Each structure stands twice: as structure tokens, then as C-alpha cells.
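Below is start14.csv, which holds CSV, C-alpha atoms.
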chain,number,residue,atom,x,y,z
A,1,MET,CA,28.4,2.1,-7.0
A,2,SER,CA,29.0,1.7,-3.3
A,3,LYS,CA,29.8,4.6,-1.0
A,4,ILE,CA,33.3,4.7,0.4
A,5,GLY,CA,33.6,3.8,4.0
A,6,VAL,CA,30.3,1.8,4.2
A,7,ASN,CA,30.7,-1.7,5.6
A,8,THR,CA,34.4,-1.2,6.3
A,9,GLY,CA,33.7,-2.1,9.9
A,10,LYS,CA,32.9,-5.6,8.7
A,11,VAL,CA,36.6,-6.0,7.6
A,12,PHE,CA,37.6,-4.8,11.1
A,13,GLU,CA,35.3,-7.4,12.7
A,14,GLN,CA,36.7,-10.2,10.4
A,15,LEU,CA,40.2,-9.3,11.6
A,16,PHE,CA,39.2,-9.9,15.2
A,17,ASP,CA,37.3,-13.1,14.3
A,18,THR,CA,40.5,-14.5,13.0
A,19,VAL,CA,42.9,-13.2,15.7
A,20,LEU,CA,40.9,-13.9,18.8
A,21,PRO,CA,40.4,-17.7,18.4
A,22,ALA,CA,44.1,-18.0,17.3
A,23,GLN,CA,45.1,-16.6,20.7
A,24,GLY,CA,42.8,-18.8,22.8
A,25,TYR,CA,39.7,-16.5,23.0
A,26,ARG,CA,36.3,-18.0,22.2
A,27,ILE,CA,33.7,-16.0,20.4
A,28,LEU,CA,30.3,-16.7,22.0
A,29,THR,CA,27.1,-17.1,20.1
A,30,LYS,CA,24.2,-14.8,20.6
A,31,ASP,CA,22.3,-17.7,22.2
A,32,GLU,CA,25.0,-18.0,24.9
A,33,TYR,CA,25.2,-14.4,25.9
A,34,SER,CA,21.8,-12.8,25.1
A,35,PRO,CA,20.2,-14.1,28.4
A,36,PHE,CA,22.6,-11.9,30.2
A,37,LEU,CA,21.8,-8.7,28.3
A,38,VAL,CA,18.9,-6.7,29.5
A,39,PRO,CA,17.1,-4.2,27.3
A,40,THR,CA,19.0,-0.9,26.8
A,41,ILE,CA,18.1,2.2,28.6
A,42,SER,CA,16.2,3.3,25.4
A,43,GLY,CA,14.2,0.1,25.5
A,44,GLY,CA,15.8,-1.7,22.6
A,45,LYS,CA,18.1,-4.8,22.5
A,46,HIS,CA,21.8,-4.2,23.1
A,47,LEU,CA,23.5,-6.2,20.4
A,48,PRO,CA,27.3,-6.1,20.9
A,49,ASP,CA,29.6,-6.6,18.0
A,50,ARG,CA,31.1,-9.6,19.9
A,51,VAL,CA,31.1,-11.3,23.3
A,52,ILE,CA,34.2,-13.3,24.0
A,53,GLU,CA,35.3,-15.8,26.6
A,54,THR,CA,38.9,-15.2,27.7
A,55,PRO,CA,41.3,-18.1,28.4
A,56,ASP,CA,40.6,-17.6,32.1
A,57,LEU,CA,36.8,-17.9,31.4
A,58,ARG,CA,35.7,-14.3,31.8
A,59,TRP,CA,33.1,-13.0,29.4
A,60,LEU,CA,33.8,-9.6,27.9
A,61,ILE,CA,31.7,-7.4,25.6
A,62,LEU,CA,33.4,-6.0,22.6
A,63,SER,CA,32.1,-3.0,20.7
A,64,LYS,CA,33.7,-1.3,17.8
A,65,LYS,CA,33.3,2.1,16.2
A,66,TRP,CA,35.0,2.4,12.8
A,67,GLN,CA,35.1,5.7,11.0
A,68,GLU,CA,37.0,5.6,7.7
A,69,THR,CA,35.7,8.9,6.4
A,70,ALA,CA,34.2,11.8,8.3
A,71,GLY,CA,30.9,10.8,9.8
A,72,THR,CA,28.9,10.3,12.9
A,73,ALA,CA,30.6,7.4,14.6
A,74,GLU,CA,32.5,9.8,16.8
A,75,GLN,CA,29.3,11.3,18.0
A,76,LYS,CA,27.9,7.9,19.0
A,77,VAL,CA,30.8,7.0,21.4
A,78,PRO,CA,29.3,8.5,24.6
A,79,PHE,CA,26.0,6.8,24.2
A,80,GLU,CA,27.7,3.5,23.4
A,81,ILE,CA,29.8,3.8,26.6
A,82,ILE,CA,26.6,4.4,28.5
A,83,LYS,CA,24.9,1.4,27.0
A,84,LEU,CA,27.9,-0.8,27.8
A,85,ILE,CA,28.0,0.4,31.4
A,86,ASP,CA,24.3,-0.4,31.7
A,87,ALA,CA,24.8,-3.9,30.2
A,88,ILE,CA,27.7,-4.6,32.6
A,89,LYS,CA,25.9,-3.3,35.7
A,90,ASN,CA,22.8,-5.4,34.9
A,91,SER,CA,24.6,-8.6,34.0
A,92,ASN,CA,24.7,-10.0,37.6
A,93,GLY,CA,28.5,-10.0,37.4
A,94,ARG,CA,28.6,-12.0,34.1
A,95,PHE,CA,30.5,-9.2,32.3
A,96,PRO,CA,33.3,-7.6,34.4
A,97,TYR,CA,34.0,-4.9,31.8
A,98,ALA,CA,33.9,-4.2,28.1
A,99,TYR,CA,36.2,-2.9,25.4
A,100,LEU,CA,35.2,-0.2,22.9
A,101,ILE,CA,37.6,-0.3,20.0
A,102,ILE,CA,37.7,2.9,18.0
A,103,GLY,CA,39.5,2.9,14.6
A,104,GLY,CA,39.7,4.3,11.2
A,105,GLU,CA,41.2,7.5,9.8
A,106,GLY,CA,38.0,9.6,9.5
A,107,TRP,CA,37.8,10.7,13.2
A,108,ASN,CA,38.3,14.2,14.3
A,109,PRO,CA,41.8,13.7,15.8
A,110,LYS,CA,41.2,15.8,18.9
A,111,LEU,CA,38.0,14.0,19.7
A,112,LYS,CA,39.4,10.5,19.1
A,113,GLU,CA,42.4,11.3,21.3
A,114,ALA,CA,40.0,12.6,24.0
A,115,TYR,CA,38.1,9.3,24.0
A,116,LEU,CA,41.3,7.3,24.1
A,117,ASN,CA,42.6,9.4,27.0
A,118,GLY,CA,39.4,9.3,29.0
A,119,ASP,CA,38.9,13.1,28.9
A,120,PHE,CA,35.1,12.6,29.0
A,121,ASN,CA,35.1,10.2,32.0
A,122,GLU,CA,34.1,13.0,34.4
A,123,TYR,CA,30.8,13.4,32.6
A,124,ILE,CA,29.8,9.7,32.6
A,125,ASN,CA,29.5,7.6,35.8
A,126,GLY,CA,31.0,4.1,35.5
A,127,THR,CA,33.6,4.6,32.8
A,128,GLU,CA,36.0,2.4,34.6
A,129,LEU,CA,33.9,-0.5,33.3
A,130,VAL,CA,34.6,0.4,29.6
A,131,LYS,CA,38.1,0.4,28.2
A,132,VAL,CA,38.3,2.6,25.1
A,133,VAL,CA,41.3,1.6,23.0
A,134,ASN,CA,42.6,1.9,19.4
A,135,PRO,CA,43.0,-1.3,17.2
A,136,GLU,CA,46.7,-1.4,17.7
A,137,ARG,CA,46.4,-1.5,21.5
A,138,PHE,CA,43.6,-4.0,21.3
A,139,LEU,CA,45.6,-6.4,19.1
A,140,THR,CA,48.6,-6.0,21.5
A,141,LEU,CA,46.3,-7.0,24.4
A,142,ILE,CA,45.0,-10.0,22.4
A,143,ASN,CA,48.5,-11.2,21.5
A,144,ARG,CA,49.7,-10.9,25.1
A,145,LYS,CA,46.5,-12.7,26.3
A,146,ASN,CA,45.9,-9.7,28.5
A,147,LEU,CA,42.3,-8.7,27.8

Rendering of file as C-alpha cells:
Amino acid sequence: MSKIGVNTGKVFEQLFDTVLPAQGYRILTKDEYSPFLVPTISGGKHLPDRVIETPDLRWLILSKKWQETAGTAEQKVPFEIIKLIDAIKNSNGRFPYAYLIIGGEGWNPKLKEAYLNGDFNEYINGTELVKVVNPERFLTLINRKNL
């Protein structure tokens, strides 16, 4: 028997894998984008959920944190933001900014709202490079071709 909430992020990714190309965005392969990603500040490889090319040829990093049941995804958000900022700053301009999409119903509501409102920005330098959005906002931006 599988644990509820495990692998639900995969369904979330499949949604974007369908919607993004339909709206003119190209999902890049790891071979295309990996030369532009330096090791993370912890020494490991940063493997984003997706890197896309927009219709106007910009490359954007997409990261998602899905929390369907109470768990630790909400605690990982600050470090994910830091890793994304580091990847952008060390990409020689290849990635102008990134999106961190946070979804699911298992979040602490106050904490999720704080992330979406940028309440933690004063504690992390460079947060203007990472746009934290919910899935509805992200889908709206895709549909309007406004990523």
C-alpha cells in the first residue's frame, strides 16, 4: 500500500508538461541546460524540476514544492530559494529569473501565505530573482504567455 501524498508532485509536473508546450513554451533537456548550472552551495548538483524556453527565447528555471499532506516541503522553501538565486547569479545571464511554484493543501496556511506574499524576502538577499507563486497564478501566466 502506498503512502498518501507520495509522488503527487509528479502529477503536478505532468500538468505543466502538457500546458507549457501547448502555449508555445519549450521544455529543455538536461543536456541543454546543465552546462549553465554550477554546483549548489552545498556542493551537489542543482537539478531543477524543469527549465523552459519562453516564446521570446528566455530560459527560466522552474521549481515546484507540492505538499498534499502535512510534511516538510514548507520547511525546504527558503533553501530552495537560496539555491535558485545561486544558480541564476552563476549562470552568466542565461537565466534571468526563476519560478518556485508551491501547491497542495498540506501547507501550514500562514506559512504558505507568507511565502507567496514575500514576507521572508528581508532575510534572503536576491529574492527578486525568484517568483514564488501558487499553481493558479502560474497557469494564468502560462495562458497569457507572460512568464

Contact check, stretch 64-126 of chain A to stretch 9-14 of chain A, at most 12 Å, counting only C-alpha atoms, closest pairs as JSON lines:
{"residue": "A:Lys64", "atom": "CA", "partner": "A:Gly9", "partner_atom": "CA", "distance": 7.9}
{"residue": "A:Lys65", "atom": "CA", "partner": "A:Gly9", "partner_atom": "CA", "distance": 7.6}
{"residue": "A:Trp66", "atom": "CA", "partner": "A:Gly9", "partner_atom": "CA", "distance": 5.5}
{"residue": "A:Gln67", "atom": "CA", "partner": "A:Gly9", "partner_atom": "CA", "distance": 8.0}
{"residue": "A:Glu68", "atom": "CA", "partner": "A:Gly9", "partner_atom": "CA", "distance": 8.7}
{"residue": "A:Thr69", "atom": "CA", "partner": "A:Gly9", "partner_atom": "CA", "distance": 11.7}
{"residue": "A:Ala73", "atom": "CA", "partner": "A:Gly9", "partner_atom": "CA", "distance": 11.0}
{"residue": "A:Ile101", "atom": "CA", "partner": "A:Phe12", "partner_atom": "CA", "distance": 10.0}
{"residue": "A:Ile102", "atom": "CA", "partner": "A:Gly9", "partner_atom": "CA", "distance": 10.3}
{"residue": "A:Gly103", "atom": "CA", "partner": "A:Phe12", "partner_atom": "CA", "distance": 8.7}
{"residue": "A:Gly104", "atom": "CA", "partner": "A:Gly9", "partner_atom": "CA", "distance": 8.9}

*asked:* When you look at stretch 127-139 of chain A with a cut-off of 7 Å (counting all atoms listed in the file), what residues show up, excluding the ones that are within fewer than 4 positions of it in the same chain? I need them as an MDAnalysis selection string.
replied: chainID A and resid 81 85 97:103 115:116 121 143

*Take the point (29.9, -10.4, 33.3) as written in the file and pick out every residue within 10 Å of it, counting all atoms listed in the file; give the list as a list of chain:residue names.*
A:Tyr33, A:Phe36, A:Leu37, A:Arg58, A:Trp59, A:Leu60, A:Ile61, A:Ala87, A:Ile88, A:Lys89, A:Asn90, A:Ser91, A:Asn92, A:Gly93, A:Arg94, A:Phe95, A:Pro96, A:Tyr97, A:Ala98

Resulting file, chosen residues, C-alpha atoms, as a short mmCIF file (atom, residue, chain, number, x, y, z; two decimals), in the coordinates of the input:
data_model
loop_
_atom_site.label_atom_id
_atom_site.label_comp_id
_atom_site.auth_asym_id
_atom_site.auth_seq_id
_atom_site.Cartn_x
_atom_site.Cartn_y
_atom_site.Cartn_z
CA TYR A 33 25.20 -14.40 25.90
CA PHE A 36 22.60 -11.90 30.20
CA LEU A 37 21.80 -8.70 28.30
CA ARG A 58 35.70 -14.30 31.80
CA TRP A 59 33.10 -13.00 29.40
CA LEU A 60 33.80 -9.60 27.90
CA ILE A 61 31.70 -7.40 25.60
CA ALA A 87 24.80 -3.90 30.20
CA ILE A 88 27.70 -4.60 32.60
CA LYS A 89 25.90 -3.30 35.70
CA ASN A 90 22.80 -5.40 34.90
CA SER A 91 24.60 -8.60 34.00
CA ASN A 92 24.70 -10.00 37.60
CA GLY A 93 28.50 -10.00 37.40
CA ARG A 94 28.60 -12.00 34.10
CA PHE A 95 30.50 -9.20 32.30
CA PRO A 96 33.30 -7.60 34.40
CA TYR A 97 34.00 -4.90 31.80
CA ALA A 98 33.90 -4.20 28.10
#

_Shortest interatomic distance to A:Thr54 - which of A:Ser34, A:Asn146, A:Thr72, A:Thr29, counting all atoms listed in the file_ = A:Asn146

*Any idea what the distance is between atom CA of A:Arg144 and atom CA of A:Glu32?*
25.7 Å

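The spacing separating atom CA of A:Pro48 from atom CA of A:Leu28 amounts to 11.1 Å.
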
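When only C-alpha atoms are used to compute distances to A:Glu122, the closest of the residues A:Ile27, A:Pro78, A:Leu20, A:Val51 turns out to be A:Pro78.
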
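What separates atom CA of A:Gly44 from atom CA of A:Ile82 is a distance of 13.7 Å.
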
*Would you please work out which residue, of A:Asp119, A:Leu111, A:Lys145, A:Lys83, is nearest to A:Pro39 when using only C-alpha atoms?*
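When distances to A:Pro39 are compared using only C-alpha atoms, the smallest one comes from A:Lys83.
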
_Please determine, counting only C-alpha atoms, which residue among A:Gln23, A:Asn108, A:Ser42, A:Asn117 has the shortest atom-to-atom distance to A:Ala70._
A:Asn108

Could you tell me, as a short mmCIF file (atom, residue, chain, number, x, y, z; two decimals) with C-alpha atoms, in the coordinates of the input, which residues have any atom at most 12 Å from (38.9, -23.9, 28.6), counting only C-alpha atoms?
data_model
loop_
_atom_site.label_atom_id
_atom_site.label_comp_id
_atom_site.auth_asym_id
_atom_site.auth_seq_id
_atom_site.Cartn_x
_atom_site.Cartn_y
_atom_site.Cartn_z
CA GLY A 24 42.80 -18.80 22.80
CA TYR A 25 39.70 -16.50 23.00
CA ARG A 26 36.30 -18.00 22.20
CA GLU A 53 35.30 -15.80 26.60
CA THR A 54 38.90 -15.20 27.70
CA PRO A 55 41.30 -18.10 28.40
CA ASP A 56 40.60 -17.60 32.10
CA LEU A 57 36.80 -17.90 31.40
CA ARG A 58 35.70 -14.30 31.80
#
